[in-house]
Amino acid sequence: MNHKSKALISCASALALVPLGQAHAQTDVQDQASGTASLGAPIVVTANRREQSVQDVAISITAFEGETLEALGINDTLSLQQVTPGLVFNQNTVFAQPYIRGVGTDITPPGSESSVATFIDGVYQPFPFVGIQVLNGIERIEVLKGPQGTLYGRNATGGSINVQTREPESYFTASGDISYGNYNAVRANGYVSVPFSDSIAANVAVAISNRDGYGTDLSTGSDYNSEDYQYIRGRLRVDATPDLQFILTGYYFHRNDDSYMAYTYADQFGSIPLAPQLGGRVTVNSQDIYSFYNLQNRINDWGGNLRMTWAIGSGELVSITAYQDARALIGPDFLSTDIPIFDFYADEDTGESFSQDLYYSGSSGDLSYVIGGTYANSSARFDSLDVFVGPALATRSFQYADTEAFAVYAEAAYEVTPEFSLTGGLRYSNETKTQDRLDTFLADGTQIQMTPESSRTWDNVSVKAVAQYDTGPFMVYGSFQTGFKSGTVVVGQPGVFIPPERIQAFEAGFRADVIDGTFRINGAGFYYRFRNLQTQYTDVTTGSALVESADRARIFGAEIQASIFPTENLSFNIGLNFLDGEYTDYISSGAFVPNTQIAGPGIGGNSAITADLSGRNITRTPPITLNVGGSWTIPEFLGGSLRTTANLFLSDSYFFDPTNRTFQSSYTTLNAQIEYTLPGDHIRFALFGRNISDTQYYAVVTPIQFGDQAALAAPRTYGVRLSFDF
């Protein structure tokens, strides 16, 4: 362990033992570390597709209720990494790149999907360019760690992020907030739920955000990296009979800004930018950028789902039918310089999907079980991908990829004794990827490439076995699971596919509630073995993101999550994760080496070579991540109440590329909030700060031929907020 890692642990330990300034809680004591809403009341989760206390689930899980997310300033899934041990959530232009315990992917072309599955109200989200979810009107979020191969299936080799929005209540309720912060950031949230009768109710959640850029486009003098989006979601609940319920959900999301559409460069990894040697200007390690091409980030995402829940016998039959249509104009300045060299526009990057899930969960005596099936059909495409050489359009290509998948699964838990239970699960998956179209045209319309349709089919059987011993206040478990992420088409290359990603996971853990529920501690140790770990590199000459896989890899680690409740109005929590990941067999065709090492000093850019990367660390696997938080309430303060919350997040260094050349060094961020509730408990005023220390760290670093591109994460932000509920 290096000295930075030791420093992280020492700092965290000290913070865990003292109150965080004047930290106060409101009426409930929060606990983001082990998923607890109030003292002695663990969150009820549905990680096993049935309601259970989080302390009874034999899965590594971090859960949050909506109020806790608000207090911590978590308003999108990207921010979850600050409070979730083992989660690293990066962003590359519009693409979400979550990694849980080092398992994730940076693949972005049409047809690619994350290795961490995201579900909204039980509906799988297949498109990475809308993978960062806005959070408002949230009931809870569950981050499931490790492969979820039997119940959640495809593309959950790393885990699953399950977002559950609020169902329409049987009583009238309304809430909202509006905030203003630096960078002229205005954000407004609204939620209202209305009952129309004893059996019909509806709700609506709205989120609007508008913010100036964190930096400046030095070519034009205008703001850069701004934010402008609107989101609305509505749900209608109909209780047709006491045993039959329907919930219809519809949503729409629109974004039109320039967030992360250009890059600064990193110069500390041995490579220097090439553009200045061609007469252009670039920035280094800055929120400011240069550009020549137009910067556009426009997303329109809409969809809906119908959920039916029917109580039959001792269980429930659940059907979820869903449709999604997502379209994005992704227009970066790919080389981020003020002269025309090379660029590409995805106009449009589109996705359309349909899915149907049907499962029954029930029990009989000491046996509880879930049995179900799922079908999904999606189409993703670049329609079209325009490549510019200099100021002029050079080529226009149309790249289509289709996916069809179905699966059947079953999982059962049997109580051998009141304390000891065994769980077993199986899932059969079948998935077909099709390269439906790959046509390329010159600017004058001359076709230079036409590829016949080709497809590949894979199937897989995932298994799960768990032994669990639970005395109530103390539980231990051991598990073995396998996971499957299907192979995928390399959309820019005719008829090229890469094989499926497979994982075997061993885990042992414990959960404990002691001292009359005032101390809660959960822990787990795990070991993963991989085949064909999928990754990507960029070929600037074609604008293509080329996909390859590491033949074998392994990860092992451990984590601890603990919560302390000294009083009803005071809480502390800590989450600590250890990781060690290594490629054990990986020959890469996209290992970028600085030209300063090949062509001599002063020569900018990188060259892609074939290299044996066996023994290198897996990307996004920081040896240590840690979050420490606290909350403290003064229940009687100026006629109302005062609550403060704070969360400190520390990350050890980790690598961005498989060569282990580019990396994020160790960093720390601190978020805090002070909130005053007026008498009557309906109106609240808050002061908040995010990344209060103004720590500079990378959102992503991507080596390409022109240098080591980088995007910085958000700087210090702060503001005031007015909230209400009644």
# chains A, B, ... in the order shown; residues from 1 in each chain; ligands from 1

call {"tool": "closest_atom_pairs", "arguments": {"of": "segment 66-154 of chain A", "to": "segment 226-237 of chain A", "cutoff": "10 Å", "atoms": "only C-alpha atoms", "output": "tab-separated table"}}
result
residue	atom	partner	partner_atom	distance
A:Val134	CA	A:Tyr231	CA	7.7
A:Leu135	CA	A:Tyr231	CA	9.6
A:Asn136	CA	A:Tyr231	CA	9.1
A:Gly137	CA	A:Arg233	CA	9.0

call {"tool": "residues_around", "arguments": {"residues": "Phe334 of chain A", "least_positions_apart": "5", "cutoff": "7 Å", "atoms": "only C-alpha atoms", "output": "PyMOL selection string"}}
result
chain A and resi 262+343-344

call {"tool": "write_last_selection", "arguments": {"atoms": "N, CA and C atoms", "output": "short mmCIF file (atom, residue, chain, number, x, y, z; two decimals), in the first residue's frame"}}
result
data_model
loop_
_atom_site.label_atom_id
_atom_site.label_comp_id
_atom_site.auth_asym_id
_atom_site.auth_seq_id
_atom_site.Cartn_x
_atom_site.Cartn_y
_atom_site.Cartn_z
N ALA A 262 -15.87 19.18 -26.14
CA ALA A 262 -14.49 19.42 -26.56
C ALA A 262 -13.59 19.10 -25.37
N ASP A 343 -12.64 16.05 -37.75
CA ASP A 343 -13.76 16.01 -36.81
C ASP A 343 -14.81 15.03 -37.31
N PHE A 344 -15.74 14.68 -36.44
CA PHE A 344 -16.88 13.89 -36.87
C PHE A 344 -18.13 14.34 -36.13
#

call {"tool": "residues_around", "arguments": {"residues": "Phe127 of chain A", "least_positions_apart": "5", "cutoff": "12 Å", "atoms": "only C-alpha atoms", "output": "VMD selection string"}}
result
chain A and resid 94 to 97 107 to 119 132 to 133 155 299 301 324 to 328 349 to 353 378 to 381 403

call {"tool": "residues_around", "arguments": {"residues": "segment 487-500 of chain A", "least_positions_apart": "6", "cutoff": "8 Å", "atoms": "only C-alpha atoms", "output": "ChimeraX atom specification"}}
result
/A:109-112,399-401,433-435,438,451,453-456,458,532,544-549

call {"tool": "select_by_dssp", "arguments": {"residues": "segment 216-315 of chain A", "states": "strand (DSSP E)", "output": "ChimeraX atom specification"}}
result
/A:216-217,222-224,227-241,244-257,264-266,296-312,315

call {"tool": "residues_around", "arguments": {"residues": "Ser319 of chain A", "least_positions_apart": "4", "cutoff": "9 Å", "atoms": "only C-alpha atoms", "output": "compact mmCIF listing (two decimals) with all heavy atoms, in the first residue's frame"}}
result
# COMPACT_ATOMS: atom_id res chain seq x y z
N LEU A 306 -45.75 0.10 -19.17
CA LEU A 306 -46.95 -0.30 -18.46
C LEU A 306 -46.59 -1.47 -17.55
O LEU A 306 -46.11 -2.50 -18.02
CB LEU A 306 -48.06 -0.73 -19.43
CG LEU A 306 -49.35 -1.27 -18.78
CD1 LEU A 306 -50.03 -0.18 -17.97
CD2 LEU A 306 -50.29 -1.83 -19.84
N ARG A 307 -46.81 -1.27 -16.27
CA ARG A 307 -46.52 -2.31 -15.28
C ARG A 307 -47.83 -2.85 -14.72
O ARG A 307 -48.67 -2.09 -14.24
CB ARG A 307 -45.67 -1.75 -14.14
CG ARG A 307 -45.32 -2.78 -13.06
CD ARG A 307 -44.63 -2.12 -11.87
NE ARG A 307 -44.25 -3.10 -10.87
CZ ARG A 307 -43.03 -3.60 -10.73
NH1 ARG A 307 -42.07 -3.21 -11.55
NH2 ARG A 307 -42.77 -4.49 -9.80
N MET A 308 -48.00 -4.16 -14.80
CA MET A 308 -49.17 -4.82 -14.22
C MET A 308 -48.71 -5.69 -13.07
O MET A 308 -47.76 -6.47 -13.20
CB MET A 308 -49.87 -5.70 -15.26
CG MET A 308 -51.09 -6.45 -14.70
SD MET A 308 -51.52 -7.93 -15.67
CE MET A 308 -50.24 -9.08 -15.15
N THR A 309 -49.37 -5.57 -11.92
CA THR A 309 -49.10 -6.41 -10.76
C THR A 309 -50.40 -7.10 -10.36
O THR A 309 -51.39 -6.43 -10.05
CB THR A 309 -48.57 -5.58 -9.59
OG1 THR A 309 -47.42 -4.84 -10.00
CG2 THR A 309 -48.18 -6.48 -8.43
N TRP A 310 -50.37 -8.41 -10.36
CA TRP A 310 -51.58 -9.20 -10.11
C TRP A 310 -51.28 -10.19 -8.99
O TRP A 310 -50.41 -11.05 -9.13
CB TRP A 310 -51.99 -9.92 -11.39
CG TRP A 310 -53.30 -10.67 -11.31
CD1 TRP A 310 -54.24 -10.59 -10.34
CD2 TRP A 310 -53.80 -11.59 -12.28
NE1 TRP A 310 -55.30 -11.40 -10.61
CE2 TRP A 310 -55.06 -12.05 -11.81
CE3 TRP A 310 -53.31 -12.09 -13.49
CZ2 TRP A 310 -55.83 -12.96 -12.51
CZ3 TRP A 310 -54.09 -13.00 -14.20
CH2 TRP A 310 -55.33 -13.43 -13.70
N GLN A 356 -40.15 -6.67 -23.00
CA GLN A 356 -41.25 -7.27 -22.26
C GLN A 356 -40.68 -8.19 -21.19
O GLN A 356 -39.92 -9.11 -21.50
CB GLN A 356 -42.16 -8.08 -23.19
CG GLN A 356 -43.25 -8.87 -22.48
CD GLN A 356 -44.24 -7.98 -21.74
OE1 GLN A 356 -44.86 -7.10 -22.33
NE2 GLN A 356 -44.39 -8.19 -20.43
N ASP A 357 -41.03 -7.89 -19.93
CA ASP A 357 -40.63 -8.74 -18.81
C ASP A 357 -41.89 -9.30 -18.16
O ASP A 357 -42.88 -8.59 -17.96
CB ASP A 357 -39.84 -7.94 -17.77
CG ASP A 357 -38.45 -7.58 -18.25
OD1 ASP A 357 -37.61 -8.47 -18.32
OD2 ASP A 357 -38.23 -6.40 -18.56
N LEU A 358 -41.81 -10.58 -17.79
CA LEU A 358 -42.92 -11.24 -17.11
C LEU A 358 -42.33 -12.17 -16.07
O LEU A 358 -41.51 -13.04 -16.40
CB LEU A 358 -43.77 -12.02 -18.11
CG LEU A 358 -45.03 -12.71 -17.55
CD1 LEU A 358 -46.06 -11.66 -17.12
CD2 LEU A 358 -45.62 -13.65 -18.60
N TYR A 359 -42.71 -11.99 -14.80
CA TYR A 359 -42.19 -12.88 -13.77
C TYR A 359 -43.21 -13.04 -12.65
O TYR A 359 -44.08 -12.18 -12.42
CB TYR A 359 -40.85 -12.40 -13.22
CG TYR A 359 -40.87 -11.07 -12.51
CD1 TYR A 359 -41.10 -10.98 -11.14
CD2 TYR A 359 -40.62 -9.89 -13.21
CE1 TYR A 359 -41.10 -9.77 -10.49
CE2 TYR A 359 -40.62 -8.66 -12.56
CZ TYR A 359 -40.86 -8.60 -11.20
OH TYR A 359 -40.86 -7.40 -10.56
N TYR A 360 -43.09 -14.16 -11.96
CA TYR A 360 -43.96 -14.46 -10.82
C TYR A 360 -43.08 -14.72 -9.62
O TYR A 360 -42.13 -15.51 -9.68
CB TYR A 360 -44.82 -15.69 -11.11
CG TYR A 360 -45.76 -16.05 -9.97
CD1 TYR A 360 -46.96 -15.38 -9.81
CD2 TYR A 360 -45.43 -17.04 -9.04
CE1 TYR A 360 -47.83 -15.69 -8.76
CE2 TYR A 360 -46.28 -17.36 -7.99
CZ TYR A 360 -47.48 -16.68 -7.86
OH TYR A 360 -48.33 -16.98 -6.83

call {"tool": "residues_around", "arguments": {"residues": "segment 274-291 of chain A", "least_positions_apart": "2", "cutoff": "7 Å", "atoms": "only C-alpha atoms", "output": "list in words"}}
result
Tyr214, Gly215, Thr216, Asp217, Leu218, Ser219, Ala262, Tyr263, Thr264, Tyr265, Ala266, Asp267, Ile272, Tyr293, Asp333, Ser336, Thr337, Asp338, Ile339, Gly604, Gly605, Phe706, Gly707 and Leu712 of chain A

call {"tool": "write_last_selection", "arguments": {"atoms": "N, CA, C and O atoms", "output": "tab-separated table (two decimals), in the first residue's frame"}}
result
chain	number	residue	atom	x	y	z
A	214	TYR	N	-18.56	25.92	-17.42
A	214	TYR	CA	-17.47	25.94	-16.44
A	214	TYR	C	-16.21	26.59	-17.01
A	214	TYR	O	-15.33	27.01	-16.26
A	215	GLY	N	-16.13	26.65	-18.33
A	215	GLY	CA	-14.94	27.21	-18.96
A	215	GLY	C	-15.32	28.13	-20.10
A	215	GLY	O	-16.48	28.50	-20.29
A	216	THR	N	-14.31	28.50	-20.88
A	216	THR	CA	-14.49	29.41	-22.01
A	216	THR	C	-13.93	28.76	-23.27
A	216	THR	O	-12.87	28.13	-23.24
A	217	ASP	N	-14.66	28.90	-24.37
A	217	ASP	CA	-14.13	28.53	-25.68
A	217	ASP	C	-13.28	29.71	-26.13
A	217	ASP	O	-13.80	30.76	-26.55
A	218	LEU	N	-11.97	29.57	-26.03
A	218	LEU	CA	-11.06	30.68	-26.30
A	218	LEU	C	-11.05	31.08	-27.76
A	218	LEU	O	-10.56	32.17	-28.10
A	219	SER	N	-11.59	30.24	-28.63
A	219	SER	CA	-11.67	30.59	-30.05
A	219	SER	C	-12.78	31.60	-30.31
A	219	SER	O	-12.68	32.41	-31.23
A	262	ALA	N	-15.87	19.18	-26.14
A	262	ALA	CA	-14.49	19.42	-26.56
A	262	ALA	C	-13.59	19.10	-25.37
A	262	ALA	O	-14.07	18.90	-24.25
A	263	TYR	N	-12.29	19.09	-25.62
A	263	TYR	CA	-11.37	18.57	-24.62
A	263	TYR	C	-10.23	19.53	-24.38
A	263	TYR	O	-9.83	20.31	-25.25
A	264	THR	N	-9.71	19.48	-23.19
A	264	THR	CA	-8.38	19.99	-22.94
A	264	THR	C	-7.42	18.82	-23.17
A	264	THR	O	-7.85	17.72	-23.57
A	265	TYR	N	-6.13	19.03	-22.96
A	265	TYR	CA	-5.16	17.95	-23.10
A	265	TYR	C	-4.39	17.77	-21.80
A	265	TYR	O	-4.26	18.70	-20.99
A	266	ALA	N	-3.92	16.57	-21.58
A	266	ALA	CA	-3.03	16.26	-20.46
A	266	ALA	C	-1.62	16.10	-20.99
A	266	ALA	O	-1.41	15.44	-22.02
A	267	ASP	N	-0.65	16.72	-20.33
A	267	ASP	CA	0.74	16.67	-20.82
A	267	ASP	C	1.69	16.00	-19.85
A	267	ASP	O	2.90	16.05	-20.03
A	272	ILE	N	2.82	14.83	-25.81
A	272	ILE	CA	2.49	16.25	-25.96
A	272	ILE	C	1.51	16.38	-27.12
A	272	ILE	O	1.52	15.58	-28.06
A	293	TYR	N	-14.78	23.60	-35.01
A	293	TYR	CA	-16.07	23.08	-35.44
A	293	TYR	C	-17.15	23.42	-34.41
A	293	TYR	O	-16.86	23.71	-33.25
A	333	ASP	N	-15.92	18.98	-31.03
A	333	ASP	CA	-14.71	19.30	-31.78
A	333	ASP	C	-13.70	18.27	-31.32
A	333	ASP	O	-13.10	18.39	-30.26
A	336	SER	N	-10.16	19.54	-30.68
A	336	SER	CA	-10.16	20.67	-29.75
A	336	SER	C	-8.99	21.61	-30.00
A	336	SER	O	-8.18	21.89	-29.11
A	337	THR	N	-8.95	22.13	-31.21
A	337	THR	CA	-7.96	23.12	-31.58
A	337	THR	C	-8.63	24.14	-32.49
A	337	THR	O	-9.75	23.90	-32.96
A	338	ASP	N	-7.98	25.27	-32.73
A	338	ASP	CA	-8.64	26.35	-33.46
A	338	ASP	C	-8.35	26.33	-34.95
A	338	ASP	O	-8.60	27.33	-35.65
A	339	ILE	N	-7.82	25.25	-35.47
A	339	ILE	CA	-7.66	25.10	-36.91
A	339	ILE	C	-8.39	23.83	-37.34
A	339	ILE	O	-8.56	22.90	-36.56
A	604	GLY	N	4.91	15.42	-31.29
A	604	GLY	CA	3.65	15.33	-30.57
A	604	GLY	C	2.82	14.14	-30.98
A	604	GLY	O	3.04	13.49	-32.00
A	605	GLY	N	1.82	13.84	-30.15
A	605	GLY	CA	0.85	12.80	-30.44
A	605	GLY	C	1.29	11.43	-29.98
A	605	GLY	O	2.32	11.25	-29.33
A	706	PHE	N	-3.58	12.16	-31.64
A	706	PHE	CA	-3.21	13.56	-31.54
A	706	PHE	C	-2.80	13.98	-30.13
A	706	PHE	O	-2.54	15.15	-29.89
A	707	GLY	N	-2.75	13.03	-29.21
A	707	GLY	CA	-2.34	13.36	-27.85
A	707	GLY	C	-3.24	12.71	-26.82
A	707	GLY	O	-4.07	11.86	-27.15
A	712	LEU	N	-12.02	17.75	-17.63
A	712	LEU	CA	-12.01	17.92	-16.18
A	712	LEU	C	-13.42	17.79	-15.62
A	712	LEU	O	-14.40	18.19	-16.25

call {"tool": "closest_residue", "arguments": {"among": "A:Glu65, A:Asp257, A:Glu51, A:Glu568", "to": "Arg140 of chain A", "atoms": "only C-alpha atoms"}}
result
A:Glu65
